[in-house]
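Enquirer: Enclosed is the structure file entry35.txt (compact mmCIF, C-alpha atoms).
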```txt
# COMPACT_ATOMS: atom_id res chain seq x y z
CA MET A 23 -12.29 -29.53 33.78
CA LYS A 24 -14.62 -27.68 31.41
CA GLY A 25 -13.45 -24.35 32.84
CA GLY A 26 -9.87 -25.31 32.01
CA ARG A 27 -10.73 -26.09 28.37
CA TRP A 28 -12.58 -22.80 28.04
CA TRP A 29 -9.55 -20.91 29.41
CA LEU A 30 -7.24 -22.81 27.04
CA SER A 31 -9.48 -21.97 24.05
CA LEU A 32 -9.61 -18.31 25.04
CA SER A 33 -5.83 -18.19 25.47
CA ALA A 34 -5.29 -19.75 22.04
CA PHE A 35 -7.72 -17.27 20.45
CA LEU A 36 -5.97 -14.29 22.09
CA LEU A 37 -2.58 -15.60 20.98
CA VAL A 38 -3.79 -15.78 17.38
CA LEU A 39 -5.08 -12.20 17.64
CA ALA A 40 -1.81 -10.98 19.15
CA CYS A 41 0.20 -12.61 16.34
CA GLY A 42 -2.03 -11.19 13.60
CA PRO A 43 -1.03 -8.38 11.27
CA GLU A 44 -0.25 -4.91 12.55
CA ARG A 45 -3.00 -2.43 11.57
CA TYR A 46 -2.61 1.25 10.65
CA ASP A 47 -5.06 3.94 9.59
CA THR A 48 -2.52 5.51 7.22
CA PRO A 49 0.41 4.06 5.27
CA LEU A 50 3.83 4.22 6.88
CA GLU A 51 6.39 6.50 5.23
CA ASN A 52 8.47 3.53 4.04
CA ILE A 53 5.81 2.66 1.43
CA GLN A 54 4.67 6.16 0.55
CA GLY A 55 5.73 7.59 -2.78
CA ARG A 56 5.44 7.07 -6.51
CA TRP A 57 6.51 3.62 -7.75
CA THR A 58 7.46 2.42 -11.25
CA THR A 59 9.19 -0.56 -12.83
CA THR A 60 11.54 -0.95 -15.79
CA ASP A 61 11.72 -4.76 -15.57
CA ASP A 62 9.06 -5.38 -18.22
CA PRO A 63 8.26 -3.09 -21.19
CA MET A 64 4.61 -4.14 -20.90
CA TYR A 65 4.46 -2.05 -17.69
CA ALA A 66 6.22 1.03 -19.08
CA ASP A 67 3.02 3.09 -18.81
CA ARG A 68 2.06 1.76 -15.35
CA ALA A 69 2.74 3.29 -11.96
CA PHE A 70 1.15 3.66 -8.56
CA GLU A 71 1.43 6.15 -5.75
CA ILE A 72 0.68 5.87 -2.06
CA ASP A 73 0.21 8.90 0.18
CA ASP A 74 -1.34 9.48 3.61
CA ASP A 75 -4.89 9.09 2.32
CA PHE A 76 -5.03 7.70 -1.21
CA LEU A 77 -3.83 4.94 -3.51
CA TYR A 78 -3.40 6.12 -7.13
CA LEU A 79 -3.19 3.44 -9.84
CA LEU A 80 -2.01 4.30 -13.36
CA THR A 81 -3.68 1.63 -15.49
CA GLY A 82 -2.15 2.58 -18.85
CA GLY A 83 -1.80 5.72 -20.94
CA ASP A 84 -3.56 8.54 -19.10
CA SER A 85 -6.10 6.23 -17.41
CA PHE A 86 -5.93 6.06 -13.65
CA THR A 87 -8.03 5.41 -10.58
CA VAL A 88 -7.87 6.98 -7.13
CA HIS A 89 -8.94 5.11 -4.02
CA LYS A 90 -9.38 6.30 -0.43
CA ILE A 91 -7.29 4.10 1.87
CA HIS A 92 -9.36 2.36 4.52
CA GLU A 93 -6.62 0.50 6.43
CA VAL A 94 -3.08 -0.83 6.07
CA LEU A 95 -2.09 -4.24 7.40
CA ILE A 96 1.46 -5.52 7.78
CA ALA A 97 2.10 -9.24 8.26
CA GLU A 98 5.50 -10.77 8.85
CA ASP A 99 6.65 -13.26 6.22
CA ASP A 100 10.08 -13.79 4.63
CA LEU A 101 9.55 -10.13 3.67
CA PRO A 102 6.99 -7.83 5.30
CA LYS A 103 3.69 -8.29 3.45
CA TYR A 104 1.59 -5.12 3.13
CA THR A 105 -2.12 -5.04 2.40
CA ILE A 106 -3.73 -1.71 1.61
CA GLU A 107 -7.47 -2.00 1.95
CA TYR A 108 -9.55 0.52 0.02
CA ARG A 109 -13.16 0.96 -0.96
CA GLY A 110 -14.29 0.77 -4.57
CA ASP A 111 -16.87 3.03 -6.20
CA GLU A 112 -19.70 0.78 -5.03
CA GLY A 113 -18.37 0.60 -1.46
CA ALA A 114 -16.89 -2.91 -1.70
CA LEU A 115 -13.60 -3.49 0.10
CA PHE A 116 -10.57 -4.32 -2.09
CA SER A 117 -6.98 -5.23 -1.26
CA PHE A 118 -3.69 -4.10 -2.83
CA ASN A 119 -1.05 -6.63 -1.67
CA PHE A 120 2.72 -6.48 -1.96
CA TYR A 121 6.00 -7.28 -0.25
CA LEU A 122 8.57 -4.65 0.70
CA SER A 123 12.24 -5.55 0.37
CA GLN A 124 15.00 -3.27 1.63
CA GLU A 125 16.98 -4.09 -1.51
CA GLU A 126 18.21 -1.00 -3.39
CA GLY A 127 16.74 1.39 -0.80
CA GLY A 128 13.26 -0.11 -0.98
CA THR A 129 11.73 -2.39 -3.58
CA ILE A 130 8.11 -3.47 -3.89
CA LEU A 131 7.33 -6.96 -5.18
CA PHE A 132 3.86 -8.26 -5.99
CA PRO A 133 3.02 -11.83 -4.89
CA HIS A 134 2.09 -12.92 -8.44
CA GLU A 135 5.14 -11.25 -10.06
CA MET A 136 8.05 -11.64 -7.63
CA HIS A 137 10.54 -11.25 -10.50
CA MET A 138 9.42 -7.68 -11.19
CA LYS A 139 10.86 -4.94 -8.97
CA TRP A 140 9.08 -1.63 -8.41
CA HIS A 141 11.20 1.34 -7.25
CA ARG A 142 10.37 4.81 -5.96
CA ASP A 143 10.47 7.38 -8.73
CA PRO A 144 9.26 10.78 -7.47
CA ASP A 145 9.88 12.33 -10.89
CA ALA A 146 7.80 9.82 -12.88
CA SER A 147 5.20 11.53 -15.03
CA VAL A 148 1.70 10.57 -13.96
CA PRO A 149 -1.63 12.15 -14.93
CA TRP A 150 -2.66 12.78 -11.31
CA GLY A 151 0.58 14.72 -10.73
CA ILE A 152 -1.06 17.86 -12.14
CA LEU A 153 -3.95 17.47 -9.71
CA LEU A 154 -1.64 17.03 -6.73
CA ASP A 155 0.59 19.93 -7.76
CA SER A 156 -2.38 22.30 -8.15
CA GLU A 157 -3.76 21.16 -4.77
CA ARG A 158 -0.40 21.87 -3.10
CA ASP A 159 -0.20 25.28 -4.78
CA ALA A 160 -3.71 26.14 -3.56
CA THR A 161 -2.90 25.27 0.06
CA PRO A 162 -1.77 28.40 1.90
CA ALA A 163 1.62 28.17 3.52
CA SER A 164 1.55 28.25 7.29
CA ASP A 165 3.63 30.77 9.17
CA PRO A 166 6.23 29.26 11.51
```
Could you write out this structure as structure tokens?
Expert:
Amino acid sequence: MKGGRWWLSLSAFLLVLACGPERYDTPLENIQGRWTTTDDPMYADRAFEIDDDFLYLLTGGDSFTVHKIHEVLIAEDDLPKYTIEYRGDEGALFSFNFYLSQEEGGTILFPHEMHMKWHRDPDASVPWGILLDSERDATPASDP
């Protein structure tokens, strides 16, 4: 009988693992881009951007932080819940959590502010835009 309980415990553990979040090394294209909100004037000078490697956070005015993405997790909920894990300056692991709705071509909602909708805005002015533009200009074009 003990062998049967062990097998049942192992099966339950494997089922929990199989039902866990999907894991990715880089963000999927559906969340990549520059995101802003107009729902609250307090966030008029806030934005964030997600690309293949980095999470950029505009924290107000010209202040921003850039974080190397460690992993992306996607859990199923009423809406898909995304967790971008990144390392801080001291090496500690942090999480950037949000839901992605397909409303209006893609809307990000934060768990603590579900009333506020964030939309892609590729033309939004952000201080790191100059850095990214100069990096793209410095990259030689490849010949087809």
Enquirer: May I ask which of the residues A:Pro102, A:Gly151, A:Pro144, A:Pro133 is the closest one to Pro43 (chain A), counting only C-alpha atoms?
Expert: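 Comparing A:Pro102, A:Gly151, A:Pro144, A:Pro133 against Pro43 (chain A), the winner is A:Pro102.
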Enquirer: So which one's closest to Ala146 (chain A), A:Ala69, A:Met64, A:Ala97, A:Leu79? Using only C-alpha atoms, please.
Expert: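 So, comparing all the options, the nearest one is A:Ala69.
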Enquirer: With only C-alpha atoms as the counted atoms, please give the residues lying no more than 7 Å from region 106-114 of chain A, apart from itself and same-chain residues fewer than 3 positions off, as a list of chain:residue names.
Expert: A:His89, A:Lys90, A:Ile91, A:His92, A:Glu93, A:Val94, A:Leu95, A:Ser117, A:Phe118, A:Asn119
Enquirer: Using all atoms listed in the file, find the one residue out of A:Leu101, A:Thr60, A:Thr81, A:Glu51 that sits nearest to Leu131 (chain A).
Expert: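 Comparing A:Leu101, A:Thr60, A:Thr81, A:Glu51 against Leu131 (chain A), the winner is A:Leu101.
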Enquirer: State, in Å with one decimal place, the distance from CA of Phe86 (chain A) to CA of Ala66 (chain A).
Expert: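 The value is 14.2 Å.
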Enquirer: I need the residue nearest Leu77 (chain A) from this list: A:Tyr121, A:Phe132, A:Phe116, A:Tyr46. Use only C-alpha atoms for the distance.
Expert: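 Under the stated criterion, the closest residue is A:Phe116.
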Enquirer: Closest to Asn52 (chain A) among A:Leu122, A:Asp145, A:Trp150, A:Glu71, using all atoms listed in the file?
Expert: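 Comparing A:Leu122, A:Asp145, A:Trp150, A:Glu71 against Asn52 (chain A), the winner is A:Leu122.
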Enquirer: Please report the interatomic distance between CA of His137 (chain A) and CA of Thr58 (chain A) in Å with one decimal.
Expert: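 So the two atoms, CA of His137 (chain A) and CA of Thr58 (chain A), lie 14.0 Å apart.
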Enquirer: Give the answer as one residue: which of A:Ser147, A:Lys139, A:Pro49, A:Thr105 has the shortest atom-to-atom distance to Asp67 (chain A), using all atoms listed in the file?
Expert: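 Looking only at the distances to Asp67 (chain A), the closest residue turns out to be A:Ser147.
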Enquirer: Using only C-alpha atoms, determine which residues lie at most 9 Å from Asp73 (chain A), disregarding the query and same-chain residues fewer than 5 positions distant; provide the list as a list of chain:residue names.
Expert: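 Within the cut-off, the hits are A:Thr48, A:Pro49, A:Leu50, A:Glu51, A:Ile53, A:Gln54, A:Gly55, A:Arg56, A:Tyr78.
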